[in-house]
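S.K.: Dropping the structure in here first, questions after.
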Protein chains: 2
Amino acid sequence: MSVLIVGSTALDSIKTPKAENPRLLGGSASHAAVAASFFAPVHLVGVVGDDFPKRYLHLYRRHGINLEGLQRAPGTTFHWAGEYEINMNQRRTLATELGVFETFTPALPNSHQELPYVLLANIAPALQLHVLNQMRRPKFIVADTMDLWLNIALKDLLRLLRRVDAFVLNDSEARQLAHEDNVIVAAKKIRKLGPKYVIVKKGEHGSILSSPAGYFLSPAYPLDRVVDPTGAGDSYVGGLIGYLASQKGPLEAHLRRAMIYGSVVASFCCEGFGLTRTTRVRRSDIDRRVKQLEKLVRF
Amino acid sequence: MSVLIVGSTALDSIKTPKAENPRLLGGSASHAAVAASFFAPVHLVGVVGDDFPKRYLHLYRRHGINLEGLQRAPGTTFHWAGEYEINMNQRRTLATELGVFETFTPALPNSHQELPYVLLANIAPALQLHVLNQMRRPKFIVADTMDLWLNIALKDLLRLLRRVDAFVLNDSEARQLAHEDNVIVAAKKIRKLGPKYVIVKKGEHGSILSSPAGYFLSPAYPLDRVVDPTGAGDSYVGGLIGYLASQKGPLEAHLRRAMIYGSVVASFCCEGFGLTRTTRVRRSDIDRRVKQLEKLVRF
């Protein structure tokens, strides 16, 4: 079944101790859409400016991503510049130029309003809500977020949480949102805010699902070398919802495996700048890492 | 089969934001010995002063721990006082009084020199080496350590590493020892220093085994509430070697499960001050958590 993905579509300039890469294709929706495209048909909703390189439109299309909902506006594309320190866990924003993103209002084409799987990738919660208001009766809604929205748009975020099936956030965000230092307890507390499923991402340490049926501890795929972690979290949720949309039967039965698939796509994302590694991956590469992970945790 | 455990036997005064507990039974060998005692007969080697409470000797004996190698010296028992911050990940040493530990030289009774399983719990590497020099032909040697020895006794530690089968350390120690920020790579590098198996402990994030056959990613048992993490790492290695000593056949086949058992005993350790929770645990409680962990990671 098909997936609707709404989020940011951006150009990322990324500096690491070893390299500098200007104007890569980035943004939460770009990473999530490419990640989901390995598993299911994807419909992207976002906005780009008139400086948006044609080659990135081709890249979306090569992944079979439907661009009917991608708005082209006069002005410049959202541009983010950042720098990573040696250990790749600390990053510093050098510049944020919103451009056409500043006035973005996601408007869904008619054909998109009945899509069964919805991923509200990281974007202002008000916009995530605005998308939900245009949907008919989606089968499953996943929302991602970032610390910024907890700090400046908490009210909107809490409103959103009452309307999503699964909510994904990282460990420090979970602690902040739940006012609880223990991540295991925080995840459970956040479920009381609305979502049936809460997934806490812990980067290289894997992720944790809290559901009415209990917890699931997902490993991260162990990487020898992290080139650029930008977009890893977006790839995770993209892979997760894409895999879910590709499966039949009760959703709960597939959620654990969907987290593993998300984690594997995220591992590829980290192995190259921007989307350069992810876009060279084949489905068989993903399946191979999933099998490896099965062996890595068996006891 | 039997396990020889050498390390510190101490009195710990532990302060947390919620409570203060003076002169609990502590030390790496105490925690490890109680942990191992759930699985195999344990022989403890250490030293205590004439202030060492009789009730702690009874505690050892209740766990069937052989005390022939526990020296009693005139003077005070090694005393450590520390304080934890709210999140339990930061701890501050308030006092370290070595007492009789200052001049401790582990001397093995004859009967101990042929024991098949050896745990060199956290103690100066020179003392760990001194113990090995007294052993005949142990079947399997595990060594634990701490950052202090990397800083002040690296040469001894490197000498030790050439003589042990498995080496256990935490993630920041692994990074420091391997001069490598990536823990996955660090574990592999440390194997080149001697040990066939390297286990990196990551606290609540589980542990990683690097072996000639590849990696194993072990989860930590998820805890709602951490009361006092002192001794968790010692409990981990104690549970690990105890379980190994209880199994037949090729050791490699049991190593993954041994890490899981270590992790579960460590989880109990964290649920009470000092050894108060661990000493109330039954083997069936441990087996139950191991089964739960199996379910928590299955996908």
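Quick note on naming: the chains in the structure tokens go A, B, ... in the order shown, residues restart at 1 in each chain, and ligands are numbered from 1 in order of appearance.
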Identify every residue of chain B that has at least one atom within 7 Å of any atom of chain A, counting only C-alpha atoms, and report the result as a list in words.
M.R.: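 Taking only C-alpha atoms into account, Asn87, Asp181, Asn182, Ile184, Val185, His205, Tyr215, Phe216, Leu217, Ser218, Pro222, Asp224, Arg256, Arg257, Leu296, Val297 and Phe299 of chain B sit within 7 Å of chain A.
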S.K.: Include C-alpha atoms and write out the residues we just selected as an mmCIF file, in the first residue's frame.
M.R.:
data_model
loop_
_atom_site.group_PDB
_atom_site.id
_atom_site.type_symbol
_atom_site.label_atom_id
_atom_site.label_comp_id
_atom_site.auth_asym_id
_atom_site.auth_seq_id
_atom_site.Cartn_x
_atom_site.Cartn_y
_atom_site.Cartn_z
ATOM 1 C CA ASN B 87 20.547 10.439 36.634
ATOM 2 C CA ASP B 181 36.181 6.556 18.965
ATOM 3 C CA ASN B 182 34.026 3.870 17.332
ATOM 4 C CA ILE B 184 32.722 -1.534 17.372
ATOM 5 C CA VAL B 185 36.170 -0.919 15.911
ATOM 6 C CA HIS B 205 22.587 0.178 26.435
ATOM 7 C CA TYR B 215 30.039 -9.645 17.052
ATOM 8 C CA PHE B 216 27.194 -10.256 19.470
ATOM 9 C CA LEU B 217 24.935 -7.415 20.579
ATOM 10 C CA SER B 218 23.556 -8.058 24.048
ATOM 11 C CA PRO B 222 15.331 -2.618 30.956
ATOM 12 C CA ASP B 224 12.022 1.089 35.545
ATOM 13 C CA ARG B 256 26.346 -15.140 24.358
ATOM 14 C CA ARG B 257 23.982 -16.585 26.918
ATOM 15 C CA LEU B 296 12.133 -8.368 24.338
ATOM 16 C CA VAL B 297 14.614 -8.721 21.476
ATOM 17 C CA PHE B 299 11.663 -9.934 15.832
#
S.K.: Per DSSP on the backbone, what are the strand (DSSP E or B) residues of segment 35-104 of chain A, as a PyMOL selection string?
M.R.: chain A and resi 42-48+66-72+79-84+91-97
S.K.: Store the residues picked out above in a file with N, CA and C atoms, as an mmCIF file, in the first residue's frame.
M.R.:
data_model
loop_
_atom_site.group_PDB
_atom_site.id
_atom_site.type_symbol
_atom_site.label_atom_id
_atom_site.label_comp_id
_atom_site.auth_asym_id
_atom_site.auth_seq_id
_atom_site.Cartn_x
_atom_site.Cartn_y
_atom_site.Cartn_z
ATOM 1 N N VAL A 42 5.656 5.779 -2.733
ATOM 2 C CA VAL A 42 5.715 6.939 -1.851
ATOM 3 C C VAL A 42 5.184 8.191 -2.547
ATOM 4 N N HIS A 43 4.392 8.974 -1.825
ATOM 5 C CA HIS A 43 3.922 10.274 -2.292
ATOM 6 C C HIS A 43 4.500 11.344 -1.383
ATOM 7 N N LEU A 44 5.269 12.242 -1.984
ATOM 8 C CA LEU A 44 6.000 13.249 -1.206
ATOM 9 C C LEU A 44 5.237 14.568 -1.196
ATOM 10 N N VAL A 45 5.145 15.187 -0.020
ATOM 11 C CA VAL A 45 4.563 16.529 0.081
ATOM 12 C C VAL A 45 5.594 17.456 0.713
ATOM 13 N N GLY A 46 5.929 18.519 -0.007
ATOM 14 C CA GLY A 46 6.939 19.446 0.482
ATOM 15 C C GLY A 46 6.995 20.665 -0.420
ATOM 16 N N VAL A 47 8.044 21.454 -0.251
ATOM 17 C CA VAL A 47 8.165 22.648 -1.105
ATOM 18 C C VAL A 47 9.641 22.872 -1.445
ATOM 19 N N VAL A 48 9.902 23.253 -2.704
ATOM 20 C CA VAL A 48 11.263 23.612 -3.105
ATOM 21 C C VAL A 48 11.216 24.957 -3.828
ATOM 22 N N ASN A 66 6.264 9.786 -6.063
ATOM 23 C CA ASN A 66 5.250 10.643 -6.690
ATOM 24 C C ASN A 66 5.438 12.080 -6.201
ATOM 25 N N LEU A 67 5.574 13.010 -7.157
ATOM 26 C CA LEU A 67 5.899 14.403 -6.796
ATOM 27 C C LEU A 67 4.739 15.372 -7.006
ATOM 28 N N GLU A 68 3.542 14.824 -7.174
ATOM 29 C CA GLU A 68 2.358 15.669 -7.387
ATOM 30 C C GLU A 68 2.179 16.665 -6.227
ATOM 31 N N GLY A 69 2.574 16.249 -5.038
ATOM 32 C CA GLY A 69 2.403 17.107 -3.861
ATOM 33 C C GLY A 69 3.627 17.955 -3.534
ATOM 34 N N LEU A 70 4.618 17.955 -4.409
ATOM 35 C CA LEU A 70 5.810 18.769 -4.165
ATOM 36 C C LEU A 70 5.613 20.145 -4.800
ATOM 37 N N GLN A 71 5.432 21.143 -3.964
ATOM 38 C CA GLN A 71 5.206 22.505 -4.474
ATOM 39 C C GLN A 71 6.515 23.135 -4.941
ATOM 40 N N ARG A 72 6.423 23.897 -6.062
ATOM 41 C CA ARG A 72 7.571 24.701 -6.507
ATOM 42 C C ARG A 72 7.188 26.160 -6.316
ATOM 43 N N HIS A 79 17.696 25.936 3.136
ATOM 44 C CA HIS A 79 19.104 25.549 3.155
ATOM 45 C C HIS A 79 19.607 25.459 4.593
ATOM 46 N N TRP A 80 20.186 24.305 4.931
ATOM 47 C CA TRP A 80 20.755 24.113 6.271
ATOM 48 C C TRP A 80 22.240 23.816 6.137
ATOM 49 N N ALA A 81 23.054 24.493 6.948
ATOM 50 C CA ALA A 81 24.476 24.198 6.953
ATOM 51 C C ALA A 81 24.886 23.808 8.364
ATOM 52 N N GLY A 82 25.625 22.734 8.467
ATOM 53 C CA GLY A 82 26.021 22.249 9.789
ATOM 54 C C GLY A 82 27.389 21.600 9.762
ATOM 55 N N GLU A 83 27.922 21.428 10.961
ATOM 56 C CA GLU A 83 29.274 20.895 11.106
ATOM 57 C C GLU A 83 29.281 19.831 12.192
ATOM 58 N N TYR A 84 29.893 18.698 11.911
ATOM 59 C CA TYR A 84 30.016 17.635 12.910
ATOM 60 C C TYR A 84 31.403 17.636 13.525
ATOM 61 N N ARG A 91 26.725 18.059 16.860
ATOM 62 C CA ARG A 91 26.686 18.838 15.634
ATOM 63 C C ARG A 91 26.310 20.271 15.927
ATOM 64 N N ARG A 92 26.776 21.176 15.066
ATOM 65 C CA ARG A 92 26.617 22.588 15.265
ATOM 66 C C ARG A 92 25.983 23.136 13.999
ATOM 67 N N THR A 93 24.909 23.908 14.165
ATOM 68 C CA THR A 93 24.289 24.520 12.991
ATOM 69 C C THR A 93 25.047 25.788 12.630
ATOM 70 N N LEU A 94 25.469 25.880 11.373
ATOM 71 C CA LEU A 94 26.207 27.056 10.917
ATOM 72 C C LEU A 94 25.260 28.068 10.281
ATOM 73 N N ALA A 95 24.222 27.587 9.619
ATOM 74 C CA ALA A 95 23.262 28.494 8.970
ATOM 75 C C ALA A 95 21.943 27.782 8.738
ATOM 76 N N THR A 96 20.848 28.515 8.886
ATOM 77 C CA THR A 96 19.517 28.016 8.546
ATOM 78 C C THR A 96 18.824 29.094 7.718
ATOM 79 N N GLU A 97 18.650 28.837 6.446
ATOM 80 C CA GLU A 97 17.966 29.796 5.572
ATOM 81 C C GLU A 97 16.666 29.174 5.111
#
S.K.: Tell me, counting only C-alpha atoms, for each residue of segment 119-212 of chain A within 9 Å of segment 239-246 of chain A, which pair of atoms is nearest and how far apart they are in Å to one decimal, in rows ordered by chain and increasing number, as a Markdown table.
M.R.:
| residue | atom | partner | partner_atom | distance |
| --- | --- | --- | --- | --- |
| A:Leu119 | CA | A:Ile241 | CA | 7.0 |
| A:Phe140 | CA | A:Ile241 | CA | 8.9 |
| A:Ile141 | CA | A:Ile241 | CA | 8.9 |
| A:Val142 | CA | A:Ile241 | CA | 7.5 |
S.K.: Please extract the residues of segment 129-186 of chain A with a backbone DSSP assignment of helix (DSSP H, G or I) and present them as a ChimeraX atom specification.
M.R.: /A:129-134,147-152,154-161,171-178,183-186
S.K.: Could you turn the residues from that selection into a file that holds N, CA and C atoms, as a CSV table (one decimal), in the first residue's frame?
M.R.:
chain,number,residue,atom,x,y,z
A,129,LEU,N,-0.3,18.8,11.8
A,129,LEU,CA,-1.8,18.8,12.1
A,129,LEU,C,-2.6,19.2,10.9
A,130,HIS,N,-2.1,20.2,10.2
A,130,HIS,CA,-2.7,20.7,9.0
A,130,HIS,C,-2.8,19.6,7.9
A,131,VAL,N,-1.9,18.7,7.8
A,131,VAL,CA,-1.9,17.6,6.9
A,131,VAL,C,-3.0,16.6,7.3
A,132,LEU,N,-3.0,16.3,8.6
A,132,LEU,CA,-4.0,15.3,9.1
A,132,LEU,C,-5.4,15.8,8.9
A,133,ASN,N,-5.6,17.1,9.0
A,133,ASN,CA,-6.9,17.7,8.8
A,133,ASN,C,-7.4,17.5,7.3
A,134,GLN,N,-6.5,17.3,6.4
A,134,GLN,CA,-6.9,17.1,5.0
A,134,GLN,C,-7.1,15.6,4.6
A,147,ASP,N,13.8,18.4,19.0
A,147,ASP,CA,13.8,19.1,20.2
A,147,ASP,C,13.2,20.6,20.0
A,148,LEU,N,13.5,21.2,18.9
A,148,LEU,CA,13.0,22.5,18.6
A,148,LEU,C,11.5,22.7,18.9
A,149,TRP,N,10.7,21.7,18.4
A,149,TRP,CA,9.2,21.8,18.6
A,149,TRP,C,8.8,21.6,20.0
A,150,LEU,N,9.6,20.8,20.8
A,150,LEU,CA,9.3,20.7,22.2
A,150,LEU,C,9.5,22.0,22.9
A,151,ASN,N,10.5,22.8,22.4
A,151,ASN,CA,10.8,24.0,23.0
A,151,ASN,C,9.9,25.2,22.6
A,152,ILE,N,9.5,25.2,21.3
A,152,ILE,CA,8.7,26.4,20.9
A,152,ILE,C,7.3,26.1,20.4
A,154,LEU,N,5.2,23.3,21.9
A,154,LEU,CA,4.7,22.1,22.7
A,154,LEU,C,3.2,21.9,22.7
A,155,LYS,N,2.5,23.0,22.7
A,155,LYS,CA,1.0,22.9,22.7
A,155,LYS,C,0.5,22.2,21.4
A,156,ASP,N,1.1,22.7,20.3
A,156,ASP,CA,0.7,22.0,19.0
A,156,ASP,C,1.1,20.5,19.0
A,157,LEU,N,2.3,20.3,19.5
A,157,LEU,CA,2.8,18.9,19.5
A,157,LEU,C,1.9,18.0,20.4
A,158,LEU,N,1.4,18.5,21.5
A,158,LEU,CA,0.5,17.7,22.4
A,158,LEU,C,-0.8,17.5,21.7
A,159,ARG,N,-1.3,18.5,21.0
A,159,ARG,CA,-2.5,18.3,20.2
A,159,ARG,C,-2.3,17.2,19.1
A,160,LEU,N,-1.2,17.2,18.5
A,160,LEU,CA,-0.8,16.2,17.5
A,160,LEU,C,-0.8,14.8,18.0
A,161,LEU,N,-0.2,14.7,19.2
A,161,LEU,CA,0.0,13.4,19.8
A,161,LEU,C,-1.3,12.6,20.1
A,171,ASP,N,16.1,9.9,22.5
A,171,ASP,CA,16.1,9.7,24.0
A,171,ASP,C,16.1,11.0,24.8
A,172,SER,N,16.8,12.0,24.3
A,172,SER,CA,16.8,13.2,25.1
A,172,SER,C,15.5,14.0,25.0
A,173,GLU,N,14.9,13.9,23.8
A,173,GLU,CA,13.5,14.5,23.6
A,173,GLU,C,12.5,13.7,24.5
A,174,ALA,N,12.6,12.4,24.6
A,174,ALA,CA,11.7,11.6,25.4
A,174,ALA,C,11.8,12.0,26.8
A,175,ARG,N,13.1,12.2,27.3
A,175,ARG,CA,13.3,12.6,28.7
A,175,ARG,C,12.6,14.0,28.9
A,176,GLN,N,12.8,14.9,28.0
A,176,GLN,CA,12.3,16.3,28.1
A,176,GLN,C,10.8,16.3,28.1
A,177,LEU,N,10.2,15.5,27.2
A,177,LEU,CA,8.7,15.6,27.0
A,177,LEU,C,8.0,14.9,28.2
A,178,ALA,N,8.6,13.8,28.8
A,178,ALA,CA,8.0,13.1,29.8
A,178,ALA,C,8.4,13.6,31.2
A,183,VAL,N,14.5,6.4,30.4
A,183,VAL,CA,13.9,6.3,29.1
A,183,VAL,C,12.8,5.3,29.0
A,184,ILE,N,13.0,4.2,29.7
A,184,ILE,CA,12.0,3.1,29.7
A,184,ILE,C,10.7,3.7,30.2
A,185,VAL,N,10.8,4.4,31.3
A,185,VAL,CA,9.6,5.0,31.9
A,185,VAL,C,9.0,6.1,31.1
A,186,ALA,N,9.9,6.9,30.5
A,186,ALA,CA,9.5,8.0,29.7
A,186,ALA,C,8.7,7.6,28.5
S.K.: Find the residues near segment 105-118 of chain A: any atom within 6 Å, counting only C-alpha atoms, skip ones fewer than 2 places away on the same chain, and give them as number ranges by chain.
M.R.: A: 3-4, 135-136, 138-141
S.K.: Which of these, B:Gly49, B:Gly262, B:Gly249, B:Gly231, has the shortest distance to Ile199 of chain B once you count only C-alpha atoms?
M.R.: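 Smallest distance to Ile199 of chain B is found for B:Gly262.
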S.K.: Considering only C-alpha atoms, state which residue in the set B:Ala10, B:Ala124, B:Arg137, B:Leu25 is at the smallest distance from Val100 of chain B.
M.R.: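 Closest candidate: B:Ala10.
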S.K.: To one decimal in Å, tell me the separation between atom CA of Leu24 of chain A and atom CA of Asp228 of chain A.
M.R.: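 Those two atoms sit 11.8 Å apart.
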S.K.: Env of His31 of chain A: 9 Å cut, atoms = only C-alpha atoms, seq-sep filter 5 positions within chain, self excluded. Answer as a VMD selection string.
M.R.: chain A and resid 9 25 to 26 36 231 to 236 238 269 274 to 275 278
S.K.: As an exercise, work out the distance from atom CA of Ser211 of chain B to atom CA of Arg163 of chain B in Å and give it to one decimal place.
M.R.: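 It comes out at 16.0 Å.
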S.K.: Go ahead and compute the interatomic distance for atom CA of Ser28 of chain A and atom CA of Ala121 of chain A, in Å to one decimal.
M.R.: 5.8 Å
